[in-house]
file query_38.cif (mmCIF, C-alpha atoms)
data_target
loop_
_atom_site.group_PDB
_atom_site.id
_atom_site.type_symbol
_atom_site.label_atom_id
_atom_site.label_comp_id
_atom_site.auth_asym_id
_atom_site.auth_seq_id
_atom_site.Cartn_x
_atom_site.Cartn_y
_atom_site.Cartn_z
ATOM 1 C CA MET A 30 -63.382 -6.456 39.105
ATOM 2 C CA VAL A 31 -61.552 -3.116 39.265
ATOM 3 C CA ILE A 32 -58.556 -4.790 40.907
ATOM 4 C CA ARG A 33 -58.553 -7.469 38.241
ATOM 5 C CA HIS A 34 -58.684 -4.780 35.511
ATOM 6 C CA LEU A 35 -55.802 -2.874 37.160
ATOM 7 C CA CYS A 36 -53.757 -6.079 37.341
ATOM 8 C CA ILE A 37 -54.291 -6.765 33.645
ATOM 9 C CA VAL A 38 -53.368 -3.177 32.712
ATOM 10 C CA GLY A 39 -50.296 -3.328 34.985
ATOM 11 C CA LEU A 40 -49.139 -6.651 33.549
ATOM 12 C CA SER A 41 -49.708 -5.380 30.008
ATOM 13 C CA ALA A 42 -47.613 -2.289 30.703
ATOM 14 C CA LEU A 43 -44.879 -4.435 32.226
ATOM 15 C CA ALA A 44 -44.899 -6.753 29.210
ATOM 16 C CA LEU A 45 -44.701 -3.826 26.774
ATOM 17 C CA SER A 46 -41.817 -2.234 28.637
ATOM 18 C CA ALA A 47 -39.927 -5.534 28.495
ATOM 19 C CA CYS A 48 -40.233 -5.474 24.684
ATOM 20 C CA GLU A 49 -38.737 -1.995 24.347
ATOM 21 C CA GLU A 50 -35.056 -1.758 23.593
ATOM 22 C CA PRO A 51 -32.988 -0.428 26.452
ATOM 23 C CA ALA A 52 -31.550 3.059 26.106
ATOM 24 C CA ALA A 53 -28.147 3.050 24.492
ATOM 25 C CA GLU A 54 -25.288 3.441 26.888
ATOM 26 C CA PRO A 55 -22.755 6.141 26.072
ATOM 27 C CA ALA A 56 -19.776 4.859 24.104
ATOM 28 C CA SER A 57 -16.632 4.459 26.109
ATOM 29 C CA ALA A 58 -13.009 4.286 25.051
ATOM 30 C CA PRO A 59 -11.689 0.783 24.472
ATOM 31 C CA ALA A 60 -9.933 -0.735 27.462
ATOM 32 C CA ASN A 61 -6.795 -1.343 25.411
ATOM 33 C CA PRO A 62 -6.308 1.327 22.723
ATOM 34 C CA PRO A 63 -4.490 0.244 19.554
ATOM 35 C CA THR A 64 -0.710 0.273 19.810
ATOM 36 C CA THR A 65 -0.157 1.543 16.281
ATOM 37 C CA ALA A 66 -1.361 4.677 14.603
ATOM 38 C CA PRO A 67 -4.081 4.319 11.984
ATOM 39 C CA VAL A 68 -2.762 3.725 8.482
ATOM 40 C CA PRO A 69 -3.379 6.676 6.141
ATOM 41 C CA ALA A 70 -5.711 5.930 3.233
ATOM 42 C CA ALA A 71 -2.898 6.584 0.754
ATOM 43 C CA THR A 72 -0.833 3.758 2.233
ATOM 44 C CA ALA A 73 -2.735 1.043 0.396
ATOM 45 C CA SER A 74 -3.841 3.099 -2.565
ATOM 46 C CA ILE A 75 -0.958 2.196 -4.899
ATOM 47 C CA VAL A 76 -0.638 -1.419 -6.014
ATOM 48 C CA VAL A 77 2.419 -2.313 -8.061
ATOM 49 C CA ASP A 78 3.524 -5.180 -10.231
ATOM 50 C CA GLY A 79 6.134 -5.973 -12.842
ATOM 51 C CA GLU A 80 4.057 -4.363 -15.587
ATOM 52 C CA GLY A 81 3.313 -0.984 -13.949
ATOM 53 C CA LEU A 82 0.985 0.174 -11.194
ATOM 54 C CA LYS A 83 -2.565 0.944 -10.124
ATOM 55 C CA ALA A 84 -3.016 4.214 -8.244
ATOM 56 C CA GLY A 85 -6.212 4.473 -6.232
ATOM 57 C CA PRO A 86 -8.904 2.036 -5.185
ATOM 58 C CA GLY A 87 -10.697 0.519 -8.163
ATOM 59 C CA SER A 88 -8.349 2.190 -10.636
ATOM 60 C CA THR A 89 -7.286 0.663 -13.911
ATOM 61 C CA PRO A 90 -3.717 -0.556 -14.374
ATOM 62 C CA ILE A 91 -1.203 1.901 -15.801
ATOM 63 C CA ALA A 92 1.259 -0.130 -17.861
ATOM 64 C CA PHE A 93 4.831 0.713 -18.665
ATOM 65 C CA GLY A 94 4.811 2.736 -21.871
ATOM 66 C CA SER A 95 1.852 4.885 -20.765
ATOM 67 C CA PRO A 96 2.209 8.651 -21.213
ATOM 68 C CA ARG A 97 3.573 10.833 -18.412
ATOM 69 C CA ALA A 98 0.276 12.692 -17.965
ATOM 70 C CA THR A 99 -1.598 9.446 -17.237
ATOM 71 C CA VAL A 100 0.740 8.094 -14.558
ATOM 72 C CA GLU A 101 1.447 11.505 -13.010
ATOM 73 C CA ALA A 102 -2.248 12.379 -12.634
ATOM 74 C CA ALA A 103 -3.106 8.966 -11.147
ATOM 75 C CA VAL A 104 -0.297 8.926 -8.570
ATOM 76 C CA LYS A 105 -0.904 12.586 -7.699
ATOM 77 C CA ALA A 106 -4.581 11.819 -7.055
ATOM 78 C CA ALA A 107 -3.725 8.753 -4.937
ATOM 79 C CA LEU A 108 -1.104 10.513 -2.811
ATOM 80 C CA GLY A 109 -2.649 13.987 -2.760
ATOM 81 C CA SER A 110 0.500 15.876 -3.697
ATOM 82 C CA ASP A 111 2.590 17.016 -6.629
ATOM 83 C CA PRO A 112 5.872 15.248 -7.354
ATOM 84 C CA ILE A 113 9.305 16.804 -7.328
ATOM 85 C CA VAL A 114 10.485 16.556 -10.926
ATOM 86 C CA SER A 115 14.149 16.015 -11.775
ATOM 87 C CA GLU A 116 16.239 14.922 -14.722
ATOM 88 C CA ASN A 117 18.748 12.079 -14.528
ATOM 89 C CA GLN A 118 21.265 12.259 -17.372
ATOM 90 C CA ASP A 119 23.236 9.295 -16.012
ATOM 91 C CA CYS A 120 20.740 6.462 -16.499
ATOM 92 C CA PRO A 121 22.393 3.459 -18.120
ATOM 93 C CA THR A 122 19.560 3.339 -20.690
ATOM 94 C CA GLY A 123 19.582 7.083 -21.444
ATOM 95 C CA SER A 124 18.339 10.340 -19.978
ATOM 96 C CA ALA A 125 15.281 10.029 -17.729
ATOM 97 C CA THR A 126 12.760 12.236 -15.964
ATOM 98 C CA VAL A 127 11.984 11.230 -12.384
ATOM 99 C CA LEU A 128 8.685 12.107 -10.709
ATOM 100 C CA ASP A 129 9.467 11.831 -7.019
ATOM 101 C CA TRP A 130 6.873 11.571 -4.243
ATOM 102 C CA GLY A 131 9.575 11.149 -1.584
ATOM 103 C CA ASP A 132 10.081 7.626 -0.309
ATOM 104 C CA ALA A 133 6.470 6.766 -1.235
ATOM 105 C CA VAL A 134 7.164 6.178 -4.913
ATOM 106 C CA GLN A 135 9.405 7.433 -7.694
ATOM 107 C CA VAL A 136 8.189 7.131 -11.270
ATOM 108 C CA VAL A 137 10.796 7.010 -14.047
ATOM 109 C CA LEU A 138 9.998 8.304 -17.550
ATOM 110 C CA GLN A 139 11.976 8.185 -20.771
ATOM 111 C CA ASP A 140 10.894 10.143 -23.816
ATOM 112 C CA GLY A 141 7.654 11.021 -21.997
ATOM 113 C CA ALA A 142 6.688 7.387 -21.339
ATOM 114 C CA PHE A 143 6.419 5.527 -18.009
ATOM 115 C CA VAL A 144 9.284 3.007 -17.825
ATOM 116 C CA GLY A 145 9.730 2.156 -14.136
ATOM 117 C CA TRP A 146 8.888 2.765 -10.492
ATOM 118 C CA ARG A 147 10.696 2.453 -7.156
ATOM 119 C CA ALA A 148 9.332 2.501 -3.586
ATOM 120 C CA ASP A 149 11.256 3.011 -0.353
ATOM 121 C CA ASP A 150 8.425 2.914 2.212
ATOM 122 C CA ALA A 151 5.181 1.043 2.875
ATOM 123 C CA THR A 152 3.017 3.338 0.718
ATOM 124 C CA VAL A 153 2.887 0.868 -2.164
ATOM 125 C CA ARG A 154 2.061 -2.832 -2.058
ATOM 126 C CA THR A 155 2.390 -5.681 -4.487
ATOM 127 C CA THR A 156 -0.692 -7.625 -5.508
ATOM 128 C CA SER A 157 -0.067 -10.076 -2.647
ATOM 129 C CA GLY A 158 0.394 -7.258 -0.101
ATOM 130 C CA LEU A 159 4.203 -7.258 0.094
ATOM 131 C CA HIS A 160 5.607 -3.828 0.998
ATOM 132 C CA VAL A 161 8.713 -2.140 2.350
ATOM 133 C CA GLY A 162 8.969 -3.374 5.933
ATOM 134 C CA SER A 163 7.596 -6.857 5.164
ATOM 135 C CA THR A 164 9.572 -9.732 6.635
ATOM 136 C CA ARG A 165 11.709 -12.081 4.607
ATOM 137 C CA ALA A 166 9.196 -14.831 5.449
ATOM 138 C CA ALA A 167 6.399 -12.733 3.903
ATOM 139 C CA ALA A 168 8.528 -12.165 0.802
ATOM 140 C CA GLN A 169 9.264 -15.892 0.518
ATOM 141 C CA ALA A 170 5.530 -16.608 0.738
ATOM 142 C CA GLY A 171 4.884 -14.363 -2.286
ATOM 143 C CA ASN A 172 4.573 -15.527 -5.867
ATOM 144 C CA ASP A 173 7.748 -16.825 -7.550
ATOM 145 C CA PHE A 174 10.178 -15.757 -4.808
ATOM 146 C CA SER A 175 13.854 -15.948 -5.754
ATOM 147 C CA LEU A 176 17.229 -14.481 -4.798
ATOM 148 C CA PRO A 177 18.765 -13.386 -8.110
ATOM 149 C CA GLU A 178 22.519 -13.108 -8.425
ATOM 150 C CA THR A 179 23.658 -9.503 -8.424
ATOM 151 C CA THR A 180 26.858 -7.497 -8.674
ATOM 152 C CA LEU A 181 25.476 -5.160 -6.035
ATOM 153 C CA ASP A 182 26.531 -5.447 -2.409
ATOM 154 C CA ALA A 183 22.953 -6.180 -1.344
ATOM 155 C CA VAL A 184 20.487 -9.028 -0.898
ATOM 156 C CA GLU A 185 18.276 -8.780 -3.967
ATOM 157 C CA ILE A 186 14.892 -10.499 -4.206
ATOM 158 C CA SER A 187 12.377 -11.106 -6.933
ATOM 159 C CA VAL A 188 8.766 -11.695 -5.864
ATOM 160 C CA ASP A 189 5.299 -10.975 -7.262
ATOM 161 C CA GLY A 190 6.931 -9.932 -10.547
ATOM 162 C CA VAL A 191 8.926 -7.107 -8.929
ATOM 163 C CA GLY A 192 12.460 -6.701 -7.655
ATOM 164 C CA GLY A 193 13.582 -5.557 -4.272
ATOM 165 C CA PHE A 194 16.222 -5.605 -1.589
ATOM 166 C CA LEU A 195 16.303 -7.109 1.902
ATOM 167 C CA THR A 196 18.068 -5.499 4.863
ATOM 168 C CA SER A 197 19.993 -8.746 5.452
ATOM 169 C CA ALA A 198 20.312 -12.284 4.119
ATOM 170 C CA GLY A 199 19.169 -13.852 7.391
ATOM 171 C CA PRO A 200 15.653 -14.683 8.555
ATOM 172 C CA ASP A 201 15.459 -11.304 10.324
ATOM 173 C CA GLY A 202 15.820 -9.435 7.015
ATOM 174 C CA THR A 203 13.032 -7.117 5.929
ATOM 175 C CA VAL A 204 12.153 -5.602 2.570
ATOM 176 C CA GLU A 205 13.838 -2.206 2.255
ATOM 177 C CA GLN A 206 13.007 -1.338 -1.365
ATOM 178 C CA LEU A 207 10.758 -2.547 -4.198
ATOM 179 C CA PHE A 208 11.101 -1.711 -7.901
ATOM 180 C CA ALA A 209 10.139 -2.701 -11.432
ATOM 181 C CA GLY A 210 11.001 -1.625 -14.935
ATOM 182 C CA ASP A 211 13.878 0.761 -15.671
ATOM 183 C CA ILE A 212 14.758 2.647 -12.496
ATOM 184 C CA CYS A 213 18.177 3.944 -13.600
ATOM 185 C CA MET A 214 20.083 1.418 -11.519
ATOM 186 C CA ALA A 215 23.516 0.474 -12.783
ATOM 187 C CA ARG A 216 24.342 -3.172 -12.264
#
call {"tool": "encode", "arguments": {"input": "query_38.cif", "output": "structure tokens"}}
result
Amino acid sequence: MVIRHLCIVGLSALALSACEEPAAEPASAPANPPTTAPVPAATASIVVDGEGLKAGPGSTPIAFGSPRATVEAAVKAALGSDPIVSENQDCPTGSATVLDWGDAVQVVLQDGAFVGWRADDATVRTTSGLHVGSTRAAAQAGNDFSLPETTLDAVEISVDGVGGFLTSAGPDGTVEQLFAGDICMAR
């Protein structure tokens, strides 16, 4: 009887231990680490279109015509830095103030109102995800892709309601700049 009782207790203990979750093994580094550096949060925080921009996740659109304070505060918050401010007296449409966050984005103002933006790196994206560095194929897959005629010595595109330039006319071309509104570009 004692042996039978010990067997039941032993089997019960064995059954209970089988139900317990095993101890977690220490985390190890992945066998193949990523080949690209993580993308900074600011990279996708500015979404642009032909009507203006949205700066920051869940932000409201800032339309052309909005006051300087509105667009400057939003972009500053999204990028985490102050712009370099300059005046451009040579804009074809009149004198302009340029708020410049380096290649990330330049915001153009006239008479204190937001009138245009330009981007020279992958910090900003269109609503379909197009950005500087995107392939020509990605641009062609965007909304309303076209190759407008231009007097500039460049391959100009129009896609997702914004303008831009490709590095070349061939299939290997990539987006090298995006813009919308008045960006003080003589044509």
call {"tool": "resolve_selection", "arguments": {"input": "query_38.cif", "expression": "the PyMOL selection byres ((chain A and resi 165) around 12)", "output": "ChimeraX atom specification"}}
result
/A:159-164,166-171,174-176,184-188,193-205
call {"tool": "atom_distance", "arguments": {"input": "query_38.cif", "atom1": "CA of Thr179 (chain A)", "atom2": "CA of Ser95 (chain A)"}}
result
28.9 Å
call {"tool": "resolve_selection", "arguments": {"input": "query_38.cif", "expression": "the PyMOL selection byres ((chain A and resi 81) around 8)", "output": "list in words"}}
result
Val77, Asp78, Gly79, Glu80, Leu82, Lys83, Pro90, Ile91, Ala92, Phe93, Gly145, Trp146, Ala209 and Gly210 of chain A
call {"tool": "atom_distance", "arguments": {"input": "query_38.cif", "atom1": "CA of Asp149 (chain A)", "atom2": "CA of Asp189 (chain A)"}}
result
16.7 Å
call {"tool": "atom_distance", "arguments": {"input": "query_38.cif", "atom1": "CA of Val136 (chain A)", "atom2": "CA of Asp119 (chain A)"}}
result
15.9 Å
call {"tool": "closest_residue", "arguments": {"input": "query_38.cif", "among": "A:Pro177, A:Gly158, A:Gly141, A:Gly190", "to": "Thr99 (chain A)", "atoms": "all atoms listed in the file"}}
result
A:Gly141
call {"tool": "resolve_selection", "arguments": {"input": "query_38.cif", "expression": "the PyMOL selection byres ((chain A and resi 153) around 6)", "output": "PDB file with C-alpha atoms, in the coordinates of the input"}}
result
ATOM      1  CA  ILE A  75      -0.958   2.196  -4.899  1.00  0.00           C
ATOM      2  CA  VAL A  76      -0.638  -1.419  -6.014  1.00  0.00           C
ATOM      3  CA  ALA A 151       5.181   1.043   2.875  1.00  0.00           C
ATOM      4  CA  THR A 152       3.017   3.338   0.718  1.00  0.00           C
ATOM      5  CA  ARG A 154       2.061  -2.832  -2.058  1.00  0.00           C
TER       6      ARG A 154
END
call {"tool": "residues_around", "arguments": {"input": "query_38.cif", "residues": "Arg97 (chain A)", "least_positions_apart": "6", "cutoff": "7 Å", "atoms": "only C-alpha atoms", "output": "MDAnalysis selection string"}}
result
chainID A and resid 138 141:143
call {"tool": "write_last_selection", "arguments": {"input": "query_38.cif", "atoms": "C-alpha atoms", "output": "PDB file, in the coordinates of the input"}}
result
ATOM      1  CA  LEU A 138       9.998   8.304 -17.550  1.00  0.00           C
ATOM      2  CA  GLY A 141       7.654  11.021 -21.997  1.00  0.00           C
ATOM      3  CA  ALA A 142       6.688   7.387 -21.339  1.00  0.00           C
ATOM      4  CA  PHE A 143       6.419   5.527 -18.009  1.00  0.00           C
TER       5      PHE A 143
END
